[in-house]
Structure formats: structure tokens, C-alpha cells
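Chemist: This one is protein-v3.cif, mmCIF, C-alpha atoms and all ligand atoms.
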```cif
data_upload
loop_
_atom_site.label_atom_id
_atom_site.label_comp_id
_atom_site.auth_asym_id
_atom_site.auth_seq_id
_atom_site.Cartn_x
_atom_site.Cartn_y
_atom_site.Cartn_z
CA MET A 20 0.00 0.00 0.00
CA SER A 21 1.38 3.44 -0.89
CA THR A 22 2.37 5.78 1.93
CA LYS A 23 -0.06 8.41 0.65
CA LYS A 24 -2.86 5.88 0.74
CA GLN A 25 -1.98 4.81 4.28
CA ARG A 26 -1.86 8.41 5.46
CA ALA A 27 -5.22 9.14 3.83
CA LEU A 28 -6.81 6.10 5.49
CA MET A 29 -5.57 7.20 8.90
CA GLN A 30 -6.89 10.73 8.37
CA LEU A 31 -10.25 9.51 7.05
CA GLY A 32 -11.04 8.03 10.43
CA HIS A 33 -11.33 11.58 11.81
CA TYR A 34 -13.84 12.64 9.16
CA THR A 35 -16.39 9.85 8.78
CA ASP A 36 -18.82 11.81 10.98
CA SER A 37 -18.93 14.47 8.24
CA LEU A 38 -19.24 12.14 5.26
CA ARG A 39 -22.23 10.49 3.64
CA CYS A 40 -22.69 8.04 0.80
CA PRO A 41 -22.98 9.88 -2.53
CA ILE A 42 -25.46 7.27 -3.78
CA CYS A 43 -27.89 6.65 -0.88
CA GLN A 44 -26.87 9.44 1.57
CA GLN A 45 -26.36 6.99 4.44
CA VAL A 46 -23.47 7.55 6.83
CA LEU A 47 -20.11 6.17 5.74
CA GLN A 48 -17.97 3.93 7.85
CA LEU A 49 -14.29 3.25 7.62
CA THR A 50 -13.11 -0.09 6.24
CA GLU A 51 -9.55 -1.42 5.95
CA THR A 52 -9.21 0.10 2.50
CA GLY A 53 -11.72 2.95 2.33
CA VAL A 54 -15.35 3.60 3.25
CA THR A 55 -18.69 1.83 3.02
CA CYS A 56 -22.36 2.55 3.85
CA ALA A 57 -25.20 0.42 5.26
CA ASN A 58 -26.21 -0.43 1.68
CA ARG A 59 -22.69 -1.62 0.95
CA HIS A 60 -21.76 1.09 -1.48
CA THR A 61 -18.02 0.84 -1.13
CA VAL A 62 -15.20 3.15 -2.20
CA ASP A 63 -11.49 2.46 -1.73
CA VAL A 64 -8.93 5.18 -1.14
CA ALA A 65 -7.05 5.74 -4.40
CA ARG A 66 -3.31 5.04 -4.57
CA GLN A 67 -2.56 8.79 -4.54
CA GLY A 68 -4.50 9.20 -1.30
CA TYR A 69 -7.98 10.54 -2.07
CA LEU A 70 -11.55 9.25 -2.21
CA HIS A 71 -13.55 9.23 -5.43
CA LEU A 72 -17.13 9.90 -4.30
CA ALA A 73 -18.63 11.03 -7.61
CA GLY A 74 -20.19 9.15 -10.47
CA THR A 75 -18.63 9.44 -13.90
CA VAL A 76 -16.58 12.58 -14.16
CA ALA A 77 -16.61 14.56 -17.37
CA LYS A 78 -13.23 15.55 -18.74
CA SER A 79 -12.64 19.18 -17.88
CA ARG A 80 -10.59 21.88 -19.55
CA TYR A 81 -8.27 21.65 -16.57
CA THR A 82 -5.78 18.96 -17.55
CA LYS A 83 -3.10 17.51 -15.32
CA GLU A 84 -0.58 19.78 -17.09
CA LEU A 85 -2.62 22.89 -16.30
CA PHE A 86 -3.02 21.99 -12.65
CA THR A 87 0.68 21.16 -12.37
CA ALA A 88 1.63 24.51 -13.92
CA ARG A 89 -0.79 26.23 -11.57
CA GLN A 90 0.51 24.50 -8.46
CA THR A 91 4.11 25.30 -9.42
CA LEU A 92 3.35 28.94 -10.16
CA LEU A 93 1.40 29.41 -6.93
CA GLN A 94 4.23 27.90 -4.90
CA GLU A 95 7.14 29.62 -6.68
CA THR A 96 5.61 33.08 -6.43
CA ALA A 97 3.59 32.62 -3.21
CA PHE A 98 0.86 33.98 -5.49
CA PHE A 99 -2.04 33.85 -3.03
CA GLU A 100 -0.12 34.04 0.27
CA PRO A 101 -1.52 37.43 1.37
CA LEU A 102 -5.03 36.17 0.58
CA ILE A 103 -4.48 32.92 2.49
CA GLU A 104 -3.07 34.88 5.43
CA GLU A 105 -6.06 37.21 5.58
CA ILE A 106 -8.61 34.38 5.29
CA SER A 107 -6.83 32.50 8.10
CA GLU A 108 -7.06 35.56 10.34
CA TRP A 109 -10.80 35.88 9.70
CA ILE A 110 -11.37 32.23 10.52
CA ALA A 111 -9.25 32.44 13.68
CA LYS A 112 -11.30 35.41 14.79
CA GLU A 113 -14.82 34.37 13.77
CA ALA A 114 -15.02 30.56 13.71
CA LYS A 115 -14.95 28.24 16.69
CA ASP A 116 -11.60 26.79 17.82
CA SER A 117 -10.19 23.87 15.81
CA PRO A 118 -12.67 24.37 12.98
CA ARG A 119 -13.48 21.83 10.29
CA ILE A 120 -13.13 23.69 7.01
CA VAL A 121 -14.40 22.55 3.63
CA ASP A 122 -13.17 24.06 0.36
CA MET A 123 -15.97 23.70 -2.19
CA GLY A 124 -13.99 23.69 -5.43
CA CYS A 125 -10.49 23.28 -4.02
CA GLY A 126 -8.74 22.53 -7.34
CA GLU A 127 -5.12 21.59 -6.64
CA GLY A 128 -5.55 22.46 -2.98
CA THR A 129 -3.13 25.34 -2.36
CA HIS A 130 -5.66 27.60 -0.57
CA LEU A 131 -7.08 24.96 1.75
CA ALA A 132 -3.72 23.40 2.66
CA GLY A 133 -2.29 26.86 3.38
CA ILE A 134 -5.21 27.81 5.62
CA VAL A 135 -5.32 24.52 7.54
CA ASN A 136 -1.56 24.68 8.12
CA ARG A 137 -1.91 28.16 9.62
CA LEU A 138 -4.73 27.29 12.03
CA SER A 139 -3.60 24.85 14.66
CA GLY A 140 -6.07 22.07 15.37
CA SER A 141 -8.09 22.76 12.23
CA GLN A 142 -9.13 20.06 9.78
CA GLY A 143 -9.81 20.37 6.07
CA ILE A 144 -12.02 18.66 3.52
CA GLY A 145 -11.11 19.51 -0.07
CA ILE A 146 -13.78 18.83 -2.69
CA ASP A 147 -13.51 19.17 -6.44
CA LEU A 148 -15.08 17.40 -9.38
CA SER A 149 -11.73 17.37 -11.16
CA LYS A 150 -9.81 14.18 -10.49
CA GLU A 151 -6.67 15.78 -11.95
CA GLY A 152 -6.88 18.62 -9.43
CA ILE A 153 -7.50 16.34 -6.45
CA GLN A 154 -4.64 14.03 -7.42
CA LEU A 155 -2.27 17.00 -7.27
CA ALA A 156 -3.85 18.29 -4.07
CA THR A 157 -2.66 15.16 -2.29
CA ASN A 158 0.91 16.50 -2.69
CA HIS A 159 0.24 19.04 0.07
CA SER A 160 1.23 18.03 3.53
CA ALA A 161 -1.75 19.09 5.64
CA GLU A 162 -4.53 17.70 7.85
CA VAL A 163 -6.91 17.46 4.91
CA VAL A 164 -8.93 14.71 3.24
CA TRP A 165 -9.32 15.15 -0.50
CA LEU A 166 -12.51 14.09 -2.29
CA VAL A 167 -13.47 13.93 -5.94
CA ALA A 168 -17.15 14.79 -5.62
CA ASP A 169 -20.09 16.79 -6.90
CA LEU A 170 -20.25 20.31 -5.40
CA ALA A 171 -24.01 20.71 -5.80
CA LYS A 172 -24.73 17.40 -4.06
CA SER A 173 -21.71 16.94 -1.87
CA PRO A 174 -21.02 13.74 0.10
CA LEU A 175 -21.18 15.71 3.36
CA GLN A 176 -23.73 15.34 6.13
CA GLU A 177 -26.10 18.07 7.27
CA ALA A 178 -24.59 20.50 9.78
CA SER A 179 -21.18 18.83 9.73
CA VAL A 180 -18.64 21.62 9.01
CA ASP A 181 -17.73 24.93 10.66
CA VAL A 182 -16.43 26.85 7.65
CA VAL A 183 -17.16 26.76 3.92
CA LEU A 184 -14.56 28.26 1.58
CA ASN A 185 -15.91 29.53 -1.74
CA ILE A 186 -12.89 31.03 -3.47
CA LEU A 187 -13.19 32.53 -6.95
CA SER A 188 -15.93 30.11 -7.94
CA PRO A 189 -19.73 30.16 -8.17
CA ALA A 190 -21.62 29.86 -4.88
CA ASN A 191 -24.22 27.22 -4.07
CA HIS A 192 -25.77 28.82 -1.00
CA GLN A 193 -28.40 26.11 -0.60
CA GLU A 194 -25.73 23.45 -0.31
CA PHE A 195 -23.58 25.65 1.95
CA ARG A 196 -26.55 26.05 4.32
CA ARG A 197 -27.18 22.32 4.38
CA ILE A 198 -23.64 21.31 5.36
CA LEU A 199 -22.84 24.17 7.78
CA LYS A 200 -23.30 23.81 11.52
CA PRO A 201 -25.53 26.47 13.11
CA GLY A 202 -23.55 29.71 13.22
CA GLY A 203 -20.98 28.33 10.76
CA LEU A 204 -19.08 30.66 8.44
CA VAL A 205 -18.98 31.13 4.70
CA VAL A 206 -15.79 32.72 3.36
CA LYS A 207 -16.31 33.91 -0.19
CA VAL A 208 -13.60 35.46 -2.35
CA ILE A 209 -14.58 37.55 -5.35
CA PRO A 210 -12.42 39.45 -7.83
CA ASN A 211 -12.28 43.25 -7.80
CA ALA A 212 -12.05 45.48 -10.84
CA ALA A 213 -8.24 45.40 -11.02
CA TYR A 214 -7.86 41.63 -10.60
CA LEU A 215 -5.44 40.37 -13.30
CA HIS A 216 -5.71 43.83 -14.80
CA GLU A 217 -2.51 43.42 -16.89
CA LEU A 218 -3.98 40.41 -18.71
CA ARG A 219 -7.44 41.88 -19.04
CA SER A 220 -6.34 45.20 -20.44
CA PHE A 221 -4.30 43.43 -23.12
CA PHE A 222 -6.49 40.46 -24.07
CA TYR A 223 -9.87 42.12 -23.46
CA ALA A 224 -9.37 45.80 -24.18
CA GLY A 225 -12.71 47.45 -24.90
CA THR A 226 -14.87 44.41 -23.99
CA ASP A 227 -16.97 43.75 -20.90
CA LYS A 228 -14.29 41.34 -19.69
CA GLU A 229 -11.79 44.14 -19.28
CA THR A 230 -12.89 44.65 -15.66
CA PHE A 231 -14.76 42.55 -13.13
CA GLU A 232 -18.24 43.35 -11.95
CA ASN A 233 -18.97 41.69 -8.63
CA GLU A 234 -21.93 43.60 -7.25
CA GLU A 235 -24.40 40.80 -7.94
CA ALA A 236 -22.37 38.16 -6.08
CA GLN A 237 -21.97 40.58 -3.20
CA ASN A 238 -25.70 41.31 -2.95
CA ARG A 239 -26.56 37.65 -3.12
CA PHE A 240 -24.09 36.95 -0.30
CA THR A 241 -25.58 39.53 2.05
CA ASN A 242 -29.10 38.27 1.31
CA GLU A 243 -28.27 34.63 1.99
CA LEU A 244 -26.16 35.10 5.12
CA GLU A 245 -25.81 37.20 8.20
CA PHE A 246 -23.05 39.57 7.10
CA VAL A 247 -20.02 39.53 9.42
CA GLY A 248 -17.47 41.62 7.55
CA SER A 249 -15.24 41.98 4.52
CA SER A 250 -11.74 42.98 3.57
CA SER A 251 -9.90 43.86 0.41
CA VAL A 252 -6.64 42.20 -0.46
CA SER A 253 -4.65 43.95 -3.14
CA TYR A 254 -1.01 43.42 -4.16
CA GLN A 255 1.31 42.69 -7.06
CA LYS A 256 3.49 39.71 -7.91
CA GLU A 257 6.50 39.80 -10.21
CA LEU A 258 6.52 37.08 -12.86
CA ASP A 259 9.13 35.82 -15.31
CA ASP A 260 8.27 34.71 -18.87
CA LYS A 261 7.59 31.11 -17.94
CA GLN A 262 5.38 32.19 -15.06
CA TRP A 263 3.44 34.55 -17.34
CA ARG A 264 2.87 31.66 -19.74
CA ASP A 265 1.67 29.44 -16.90
CA LEU A 266 -0.66 32.15 -15.63
CA ILE A 267 -2.14 32.74 -19.09
CA GLY A 268 -2.57 28.98 -19.52
CA MET A 269 -4.35 28.49 -16.20
CA THR A 270 -6.66 31.50 -16.36
CA PRO A 271 -10.05 30.78 -17.95
CA LEU A 272 -10.16 34.27 -19.46
CA THR A 273 -6.99 33.79 -21.46
CA TRP A 274 -6.51 30.08 -21.94
CA ASN A 275 -7.91 30.21 -25.45
CA ALA A 276 -5.64 33.07 -26.51
CA ASP A 277 -3.66 32.18 -29.62
CA GLU A 278 0.10 31.85 -29.49
CA LYS A 279 0.73 35.00 -31.55
CA LYS A 280 -1.24 37.11 -29.10
CA VAL A 281 0.58 35.53 -26.15
CA GLU A 282 3.96 36.33 -27.78
CA GLU A 283 2.85 39.92 -28.33
CA PHE A 284 1.94 40.19 -24.68
CA LEU A 285 5.27 38.73 -23.51
CA ALA A 286 7.16 41.13 -25.82
CA GLN A 287 5.78 44.01 -23.76
CA ASN A 288 7.80 42.82 -20.77
CA VAL A 289 5.13 43.55 -18.19
CA SER A 290 6.89 42.95 -14.89
CA SER A 291 4.10 42.16 -12.47
CA ILE A 292 0.47 41.09 -12.15
CA THR A 293 -2.18 42.69 -9.94
CA ILE A 294 -4.13 40.55 -7.51
CA ASP A 295 -7.15 42.48 -6.25
CA LEU A 296 -9.78 40.56 -4.31
CA THR A 297 -12.53 41.01 -1.75
CA ILE A 298 -13.10 38.54 1.06
CA LEU A 299 -16.70 38.34 2.29
CA ILE A 300 -17.46 36.75 5.65
CA GLY A 301 -20.98 35.61 6.48
CA ARG A 302 -22.62 33.47 9.12
CA ALA A 303 -25.33 30.89 8.51
CA LYS A 304 -28.63 32.33 9.70
CA GLY A 305 -29.75 30.39 12.72
ZN ZN B 1 -24.80 4.07 0.00
#
```
Just dump the structure as C-alpha cells.
Modeler:
Amino acid sequence: MSTKKQRALMQLGHYTDSLRCPICQQVLQLTETGVTCANRHTVDVARQGYLHLAGTVAKSRYTKELFTARQTLLQETAFFEPLIEEISEWIAKEAKDSPRIVDMGCGEGTHLAGIVNRLSGSQGIGIDLSKEGIQLATNHSAEVVWLVADLAKSPLQEASVDVVLNILSPANHQEFRRILKPGGLVVKVIPNAAYLHELRSFFYAGTDKETFENEEAQNRFTNELEFVGSSSVSYQKELDDKQWRDLIGMTPLTWNADEKKVEEFLAQNVSSITIDLTILIGRAKG
């Protein structure tokens, strides 16, 4: 048995009280090799150390290469460190001690692993429908179980987590409400107007994609939750040519840009990229 698989099996034991069968919604129990429910739906931990709790998974635009490039770029440049730091501070201040945190759409896991490693006693559940992302997420050393699963119908029990992370992805407030404990927190991150401004102003000059409009997401958030607070996180990161290429390749807005356009952009020698985000903190209405 691989070391990653063994480690995942040991960790899983701490999380079975949050998990449910994706097929019949019964509680899941630990077996020697994975989990099973009362109706004997059984899933083994994969060799890389994650659980596959979804049906057939459609191939996504995010390939293994893209996720690998993303993970490398994020690590090399500490791309989201100030964001991760700020989110961790909010959770330390507003959530209960030793919170169980789920990242709904964790991708290759950098945000969740960074947050869990900053908050002593915390536990993480990383969920994404992309198997390629989850396989890479298992590279992080953190108290986290990684699940390939459906975000709209997650394999989590009612009222079983303290914090939901919803970072730069669409919200499913109904599902967040279902899985959060009373008084639990939602941490939502949305882009501000200047987010990735250098790429937008070049690839989308004059179109509605040149800046971000986030008012709607913000209004929806304050309607669905008891608003706790918000903060802006804005900074720049210097990138070299390879890192620019990786960023362009991993960003949905630019990943279809043709090579000629990418070369034109690189020829401009833009030195750094703007990261400009808002963190929204809300509490489940009791
Ligand atoms: Zn079942």
C-alpha cells in the first residue's frame, strides 16, 4: 500500500462523521481500504491518497498539465499568500476553535492546505469534481482529506462543518446552508475590478471582460447570510516569462488566446500582475 494511501486512510477516520454516501446518503464507515455505507456502497482510497465519491466525471478543460503549472506557479511566487493569510485571520477570529473547514472547489488544494496549516487544530475537507486537481492536491502536507465529488450534491452530512470556503468560484448557497453547523461561516472570495488587470487590459481591451463586476455576487451573499465583515486584499506579484505563460494557460479568461497574441503580450515585458480581491465573511442564519 502506498504511503499516501496509508496516510489518507488514517486521516479519514477523523472525518467519517462528516461524510455520507454519494449514492444513498447513508453515513459512511471506515473499512480497511476505504469507506462503506449500510447499503454496501463501497469506495477504496485511491493510490494517490484521495476518495472518489462522484459518479462518472466529465473531462474538464483543466488537464493535469494545467493543474501542475498552476501548483508550481502558486508555490514559486507565493501567489495567493496574502489572501491565504487574511482568510486564516478571519477564521481564527470568527469561527470556533479547531474548525473543520471545507473548500468547495479546491482545485489543486493550495488555498485549503495553506489555511489549515496556519490554524492549529483545524481540519480540512477539499472537494472538487476534477480528479486531476484532487490528485495533485494530495501532494500538500496538511490535515486534509481530499474528495473527488459533486459540489451541488456533496457527500457531506447536514450540519457537519464549521467553515465553507468559496474562493473565486460560483456559490451554491443552498448546499452551503445544508452542510454548515448552526452559526458556521462562509468565506467567499470575489475578484475586484483590477484583478489580473494586466492580462485583461491586453487580451480584453474594450470588452466587458476588461474589468470585473462583482456587485451581484456581493448582494446575493448579504441576502443569503448574516453579514459579518469583509476585507480587500490587493497586491502585485512579479513574474518571469515562464510564469506569465503558466498564468495565461491556467486563467479561464486567457486560456484560449492564440500563441501569436501571447507572444505579443510577452514582448511588452510587463513585470508584475495585480491581484485584487474582496473577502466576504458571512454566518449561517440560525
Ligand atoms: Zn450508500
Chemist: Name each residue within 7 Å of ligand ZN 1 (chain B), counting all atoms listed in the file, as a PyMOL selection string.
Modeler: chain A and resi 40-45+56-60
Chemist: Could you tell me which of A:Gly128, A:Glu151, A:His71, A:Lys280 comes closest to Lys83 of chain A if we count all atoms listed in the file?
Modeler: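 Comparing A:Gly128, A:Glu151, A:His71, A:Lys280 against Lys83 of chain A, the winner is A:Glu151.
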Chemist: Pick out the residues sitting within 12 Å of Leu187 of chain A, and hand them over as JSON, numbers by chain; count all atoms listed in the file, and ignore anything fewer than 5 positions along from it in its own chain.
Modeler: {"A": [99, 102, 122, 123, 124, 125, 126, 130, 206, 207, 208, 209, 210, 211, 214, 231, 233, 236, 270, 271, 295, 296, 297, 298, 299]}
Chemist: Let's have the selection written as a compact mmCIF listing (two decimals), in the frame of the given file, with C-alpha atoms.
Modeler:
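Below is the file out-v7.txt, written as the result:
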```
# COMPACT_ATOMS: atom_id res chain seq x y z
CA PHE A 99 -2.04 33.85 -3.03
CA LEU A 102 -5.03 36.17 0.58
CA ASP A 122 -13.17 24.06 0.36
CA MET A 123 -15.97 23.70 -2.19
CA GLY A 124 -13.99 23.69 -5.43
CA CYS A 125 -10.49 23.28 -4.02
CA GLY A 126 -8.74 22.53 -7.34
CA HIS A 130 -5.66 27.60 -0.57
CA VAL A 206 -15.79 32.72 3.36
CA LYS A 207 -16.31 33.91 -0.19
CA VAL A 208 -13.60 35.46 -2.35
CA ILE A 209 -14.58 37.55 -5.35
CA PRO A 210 -12.42 39.45 -7.83
CA ASN A 211 -12.28 43.25 -7.80
CA TYR A 214 -7.86 41.63 -10.60
CA PHE A 231 -14.76 42.55 -13.13
CA ASN A 233 -18.97 41.69 -8.63
CA ALA A 236 -22.37 38.16 -6.08
CA THR A 270 -6.66 31.50 -16.36
CA PRO A 271 -10.05 30.78 -17.95
CA ASP A 295 -7.15 42.48 -6.25
CA LEU A 296 -9.78 40.56 -4.31
CA THR A 297 -12.53 41.01 -1.75
CA ILE A 298 -13.10 38.54 1.06
CA LEU A 299 -16.70 38.34 2.29
```
Chemist: State, in Å with one decimal place, the distance from atom CA of Ile153 of chain A to atom CA of Leu244 of chain A.
Modeler: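 Going from atom CA of Ile153 of chain A over to atom CA of Leu244 of chain A, I get 28.9 Å.
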Chemist: Please measure the separation of atom CA of Gly225 of chain A and atom CA of Ser188 of chain A, giving the value in Å to one decimal.
Modeler: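 A separation of 24.5 Å between them.
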Chemist: How many Å separate atom CA of Lys115 of chain A from atom CA of Ser37 of chain A?
Modeler: 16.6 Å
Chemist: Leaving out Ile300 of chain A and any residue of its chain fewer than 2 positions from it, which residues lie within 8 Å of it when counting all atoms listed in the file, given as a PyMOL selection string?
Modeler: chain A and resi 109+204-207+246-249+298+302
Chemist: Check the smallest atom-to-atom distance from each of A:His33, A:Glu282, A:Gly305, A:Thr273 to Lys200 of chain A using all atoms listed in the file, then report the winner.
Modeler: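 Answer, going by the shortest atom-to-atom distance: A:Gly305.
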Chemist: Out of A:Ala27, A:Ala132, A:Ala303, A:Val163, which residue has the shortest atom-to-atom distance to Asp181 of chain A when counting only C-alpha atoms?
Modeler: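 Looking at the shortest contact to Asp181 of chain A, the residue is A:Ala303.
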Chemist: Would you pick out the contacts of Asp259 of chain A at 9 Å or less, using all atoms listed in the file, so that residues sharing its chain but fewer than 4 positions from it are not included, and give the list as a PyMOL selection string?
Modeler: chain A and resi 263-264+288+290-291
Chemist: Hey, which of A:Gly74, A:Gly202, A:Pro101, A:Gly143 ends up closest to Gln30 of chain A? Count all atoms listed in the file.
Modeler: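 Nearest to Gln30 of chain A: A:Gly143.
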Chemist: Could you list, as a PyMOL selection string, every residue within 12 Å of Leu72 of chain A, counting all atoms listed in the file and ignoring same-chain residues fewer than 6 positions away?
Modeler: chain A and resi 38-44+47+53-55+60-65+146-150+153+165-170+172-175
Chemist: Between A:Ala286, A:Ile120, A:Ile292, A:Leu31, single out the one closest to Ser220 of chain A, counting all atoms listed in the file.
Modeler: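 Smallest distance to Ser220 of chain A is found for A:Ile292.
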Chemist: Choose the residue, out of A:Asn185, A:Thr82, A:Thr293, A:Thr35, that has the smallest atom-to-atom separation from Leu258 of chain A; count all atoms listed in the file.
Modeler: A:Thr293
Chemist: Take every atom of segment 272-290 of chain A listed in the file, fit an axis-aligned box around them, add 6 Å per side, and give the centre and edge lengths in Å to one decimal as lines of an AutoDock Vina configuration file.
Modeler:
```
center_x = -1.2
center_y = 37.0
center_z = -23.2
size_x = 30.0
size_y = 25.9
size_z = 28.7
```
